[in-house]
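Colleague: work.tsv is reproduced in full below (TSV, C-alpha atoms).
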chain	number	residue	atom	x	y	z
E	1	MET	CA	-6.93	18.50	5.89
E	2	LYS	CA	-9.36	16.90	3.41
E	3	LYS	CA	-6.50	16.61	0.91
E	4	LEU	CA	-4.37	14.72	3.44
E	5	GLU	CA	-7.31	12.49	4.40
E	6	LEU	CA	-7.79	11.59	0.73
E	7	LYS	CA	-4.07	10.93	0.38
E	8	LEU	CA	-4.20	8.72	3.48
E	9	TRP	CA	-7.09	6.67	2.07
E	10	LEU	CA	-5.42	6.34	-1.32
E	11	SER	CA	-2.15	5.40	0.30
E	12	TYR	CA	-3.96	2.64	2.19
E	13	ILE	CA	-5.04	1.21	-1.12
E	14	LEU	CA	-1.64	1.43	-2.76
E	15	ILE	CA	0.38	0.13	0.09
E	16	ALA	CA	-2.00	-2.66	0.74
E	17	LEU	CA	-0.86	-4.22	-2.52
E	18	CYS	CA	1.91	-6.28	-1.09
E	19	ILE	CA	2.94	-8.43	1.90
E	20	GLY	CA	3.88	-8.41	5.57
E	21	PHE	CA	6.42	-6.83	7.81
E	22	THR	CA	7.93	-9.75	9.70
E	23	GLY	CA	11.01	-8.25	11.29
E	24	CYS	CA	13.17	-8.73	8.22
E	25	SER	CA	16.69	-7.44	8.18
E	26	ASP	CA	17.92	-4.95	5.60
E	27	ASP	CA	19.29	-7.92	3.63
E	28	ASP	CA	15.69	-8.97	2.95
E	29	GLU	CA	14.69	-5.63	1.44
E	30	GLY	CA	14.25	-5.00	-2.25
E	31	VAL	CA	12.82	-7.16	-4.98
E	32	ASN	CA	13.99	-10.76	-4.79
E	33	GLY	CA	13.40	-11.86	-8.40
E	34	ASP	CA	11.19	-10.55	-11.22
E	35	ALA	CA	8.73	-8.11	-9.64
E	36	LYS	CA	6.14	-8.55	-12.39
E	37	THR	CA	6.08	-12.30	-11.76
E	38	LEU	CA	6.30	-12.12	-7.96
E	39	ILE	CA	3.34	-9.73	-7.65
E	40	ILE	CA	0.92	-12.14	-9.39
E	41	GLY	CA	-1.51	-13.64	-6.90
E	42	THR	CA	-3.55	-12.55	-3.90
E	43	TRP	CA	-2.03	-10.42	-1.15
E	44	GLU	CA	-3.54	-9.68	2.25
E	45	SER	CA	-2.46	-6.72	4.38
E	46	THR	CA	-0.99	-7.56	7.79
E	47	TRP	CA	0.71	-4.47	9.21
E	48	TYR	CA	0.50	-0.72	8.80
E	49	LYS	CA	2.85	1.96	10.07
E	50	GLY	CA	3.70	5.53	9.32
E	51	TYR	CA	3.11	9.12	10.31
E	52	GLU	CA	1.35	12.31	9.33
E	53	ILE	CA	2.45	15.83	10.24
E	54	TYR	CA	-0.29	18.43	9.98
E	55	ASN	CA	-0.26	21.89	11.57
E	56	GLY	CA	2.96	21.02	13.36
E	57	LYS	CA	1.43	18.00	15.09
E	58	LYS	CA	2.72	14.51	14.35
E	59	GLU	CA	0.47	11.47	14.48
E	60	THR	CA	2.07	8.02	14.21
E	61	TRP	CA	0.72	4.51	13.82
E	62	ASP	CA	2.26	1.05	13.99
E	63	GLU	CA	-0.38	-1.67	14.18
E	64	ALA	CA	-1.93	-4.79	12.75
E	65	TYR	CA	-3.93	-4.01	9.64
E	66	THR	CA	-5.94	-6.79	7.99
E	67	GLU	CA	-8.55	-4.89	5.97
E	68	ASP	CA	-7.22	-4.98	2.40
E	69	ILE	CA	-6.85	-7.78	-0.13
E	70	TYR	CA	-5.34	-7.24	-3.58
E	71	THR	CA	-5.37	-9.79	-6.37
E	72	PHE	CA	-2.92	-9.14	-9.22
E	73	LYS	CA	-3.50	-10.90	-12.53
E	74	ASN	CA	-1.00	-11.65	-15.34
E	75	ASP	CA	-2.75	-9.29	-17.77
E	76	GLY	CA	-2.08	-6.16	-15.67
E	77	SER	CA	-5.54	-6.10	-14.11
E	78	GLY	CA	-6.58	-6.80	-10.55
E	79	VAL	CA	-9.26	-6.69	-7.90
E	80	TYR	CA	-9.09	-4.77	-4.61
E	81	GLN	CA	-11.27	-5.80	-1.66
E	82	ASP	CA	-11.85	-3.73	1.47
E	83	ILE	CA	-12.96	-6.11	4.21
E	84	SER	CA	-13.10	-3.56	7.06
E	85	GLY	CA	-16.85	-3.49	7.50
E	86	SER	CA	-19.73	-5.89	7.40
E	87	THR	CA	-19.96	-5.41	3.64
E	88	ILE	CA	-17.00	-6.24	1.41
E	89	HIS	CA	-16.21	-3.47	-1.07
E	90	SER	CA	-14.57	-4.60	-4.33
E	91	GLU	CA	-13.03	-2.49	-7.07
E	92	ASN	CA	-11.15	-3.38	-10.25
E	93	PHE	CA	-7.78	-1.80	-11.02
E	94	LYS	CA	-4.92	-1.83	-13.54
E	95	TRP	CA	-1.32	-2.19	-12.40
E	96	SER	CA	2.20	-1.81	-13.72
E	97	ILE	CA	5.70	-2.05	-12.26
E	98	SER	CA	8.72	-0.06	-13.39
E	99	GLY	CA	11.87	-0.56	-11.34
E	100	ASP	CA	10.80	-0.37	-7.68
E	101	LYS	CA	7.61	1.60	-8.44
E	102	LEU	CA	4.18	-0.01	-8.41
E	103	LYS	CA	1.47	2.03	-10.12
E	104	ILE	CA	-2.17	1.19	-9.53
E	105	SER	CA	-4.99	2.82	-11.47
E	106	PHE	CA	-8.58	2.70	-10.33
E	107	ASP	CA	-11.42	4.17	-12.35
E	108	GLY	CA	-10.49	7.86	-12.44
E	109	TYR	CA	-7.52	7.74	-10.06
E	110	SER	CA	-4.00	6.37	-10.05
E	111	ASP	CA	-1.17	6.44	-7.54
E	112	GLU	CA	2.30	5.05	-7.12
E	113	ALA	CA	4.03	3.24	-4.25
E	114	THR	CA	7.64	2.26	-3.75
E	115	ILE	CA	8.32	-1.46	-3.36
E	116	LYS	CA	10.47	-1.78	-0.25
E	117	THR	CA	10.31	-5.59	-0.15
E	118	LEU	CA	8.87	-8.13	-2.59
E	119	ASN	CA	9.50	-11.85	-2.55
E	120	GLU	CA	7.44	-15.05	-2.84
E	121	SER	CA	5.62	-14.53	0.47
E	122	THR	CA	6.00	-10.90	1.60
E	123	ALA	CA	5.56	-7.43	0.16
E	124	VAL	CA	6.13	-4.07	1.79
E	125	LEU	CA	4.97	-0.91	0.02
E	126	THR	CA	5.69	2.67	1.02
E	127	SER	CA	4.45	6.09	0.03
E	128	TYR	CA	5.67	9.53	1.00
E	129	GLU	CA	4.25	12.95	0.26
E	130	LYS	CA	5.13	16.40	1.44
E	131	ASP	CA	3.50	19.68	0.53
E	132	GLU	CA	2.75	23.06	2.09
E	133	GLU	CA	0.02	21.54	4.28
E	134	GLY	CA	2.04	18.73	5.81
E	135	GLU	CA	3.93	15.50	5.41
E	136	PHE	CA	2.74	11.89	5.14
E	137	TYR	CA	4.61	8.55	5.21
E	138	ASN	CA	2.91	5.19	5.01
E	139	GLU	CA	4.22	1.60	4.96
E	140	ILE	CA	1.95	-1.43	4.50
E	141	THR	CA	3.05	-5.03	4.77
E	142	PHE	CA	1.29	-7.90	2.98
E	143	LYS	CA	1.48	-11.67	2.96
E	144	LYS	CA	0.68	-13.80	-0.04
E	145	LYS	CA	-2.37	-16.02	0.36
Re-express the file's structure as C-alpha cells.

Modeller:
Amino acid sequence: MKKLELKLWLSYILIALCIGFTGCSDDDEGVNGDAKTLIIGTWESTWYKGYEIYNGKKETWDEAYTEDIYTFKNDGSGVYQDISGSTIHSENFKWSISGDKLKISFDGYSDEATIKTLNESTAVLTSYEKDEEGEFYNEITFKKK
C-alpha cells in the first residue's frame, strides 16, 4: 500500500506538469506543435481524474484539482510549487521530452508521464502503472498561466 501511495504522490507531481481538461474532442488530443517549445512557461493544475485498484477494490476520482504549479524553463530546468496548504512548498526539477513522454527529475527521483494533450493553453498528462499489488491510472489537466 505504501508503494502505491508513493506512486500516487509522484504521479500527482508528474501529471501536474501540463494543462486543463476542458471537454476537448479526440481531435484536440496529442501535441499541437513542438512540445519542447509549447511546454515552456507556467502551468497550473485544474482537473484530476483516475483510479486505483488495490486488493480488488477500485477507487476512482474525477474532480477539480488546483494544488500544483509547474514552471518549465528553456534550459531544461523548472520549479514545482505545491500550494495545497498554508505553506507553499517549492522544489527544483529537470525535464526532458522525447516523443509523447515527459520526464521530470527531482533530487533523487525521476518519473515519466505520457502527454495526452499539449497546445498553447492546455496540457493533459497521464500515468499508468500495474504490478502484483494493484493498478493505478492518473490524468491531470493544466492550463497555462

Colleague: Closest to Trp61 (chain E) among E:Ser96, E:Lys73, E:Tyr48, E:Gly78, using all atoms listed in the file?

Modeller: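 Of E:Ser96, E:Lys73, E:Tyr48, E:Gly78, the one nearest Trp61 (chain E), counting all atoms listed in the file, is E:Tyr48.
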
Colleague: So how many Å separate CA of Tyr51 (chain E) and CA of Lys36 (chain E), to one decimal?

Modeller: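 Spanning CA of Tyr51 (chain E) to CA of Lys36 (chain E) is a straight-line distance of 28.9 Å.
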
Colleague: Give me the residues near Glu59 (chain E) as a PyMOL selection string, where near means some atom within 10 Å (using all atoms listed in the file) and where sequence neighbours in that chain fewer than 5 positions away do not count.

Modeller: chain E and resi 50-54+136

Colleague: Kindly indicate which residue among E:Ile104, E:Val31, E:Ile69, E:Ile83 lies nearest to Lys143 (chain E), using all atoms listed in the file for the distances.

Modeller: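 The shortest atom-to-atom distance to Lys143 (chain E) comes from E:Ile69.
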
Colleague: What is the CA of Lys116 (chain E) to CA of Tyr80 (chain E) distance in Å?

Modeller: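 About the pair CA of Lys116 (chain E) and CA of Tyr80 (chain E): they are 20.3 Å apart.
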
Colleague: Mind checking which residues fall within 9 Å of Glu63 (chain E), counting only C-alpha atoms, ignoring those fewer than 6 positions away in the same chain, and posting them as number ranges by chain?

Modeller: E: 46-49

Colleague: With C-alpha atoms retained, export the selected residues as a PDB file, in the frame of the given file.

Modeller:
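As written to disk, part.pdb reads:
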ATOM      1  CA  THR E  46      -0.990  -7.560   7.790  1.00  0.00           C
ATOM      2  CA  TRP E  47       0.710  -4.470   9.210  1.00  0.00           C
ATOM      3  CA  TYR E  48       0.500  -0.720   8.800  1.00  0.00           C
ATOM      4  CA  LYS E  49       2.850   1.960  10.070  1.00  0.00           C
TER       5      LYS E  49
END

Colleague: Smallest atom-to-atom distance to Tyr65 (chain E): which of E:Asn119, E:Ser98, E:Ser84, E:Thr37, using only C-alpha atoms?

Modeller: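 Checking each candidate against Tyr65 (chain E), we get E:Ser84 as the closest.
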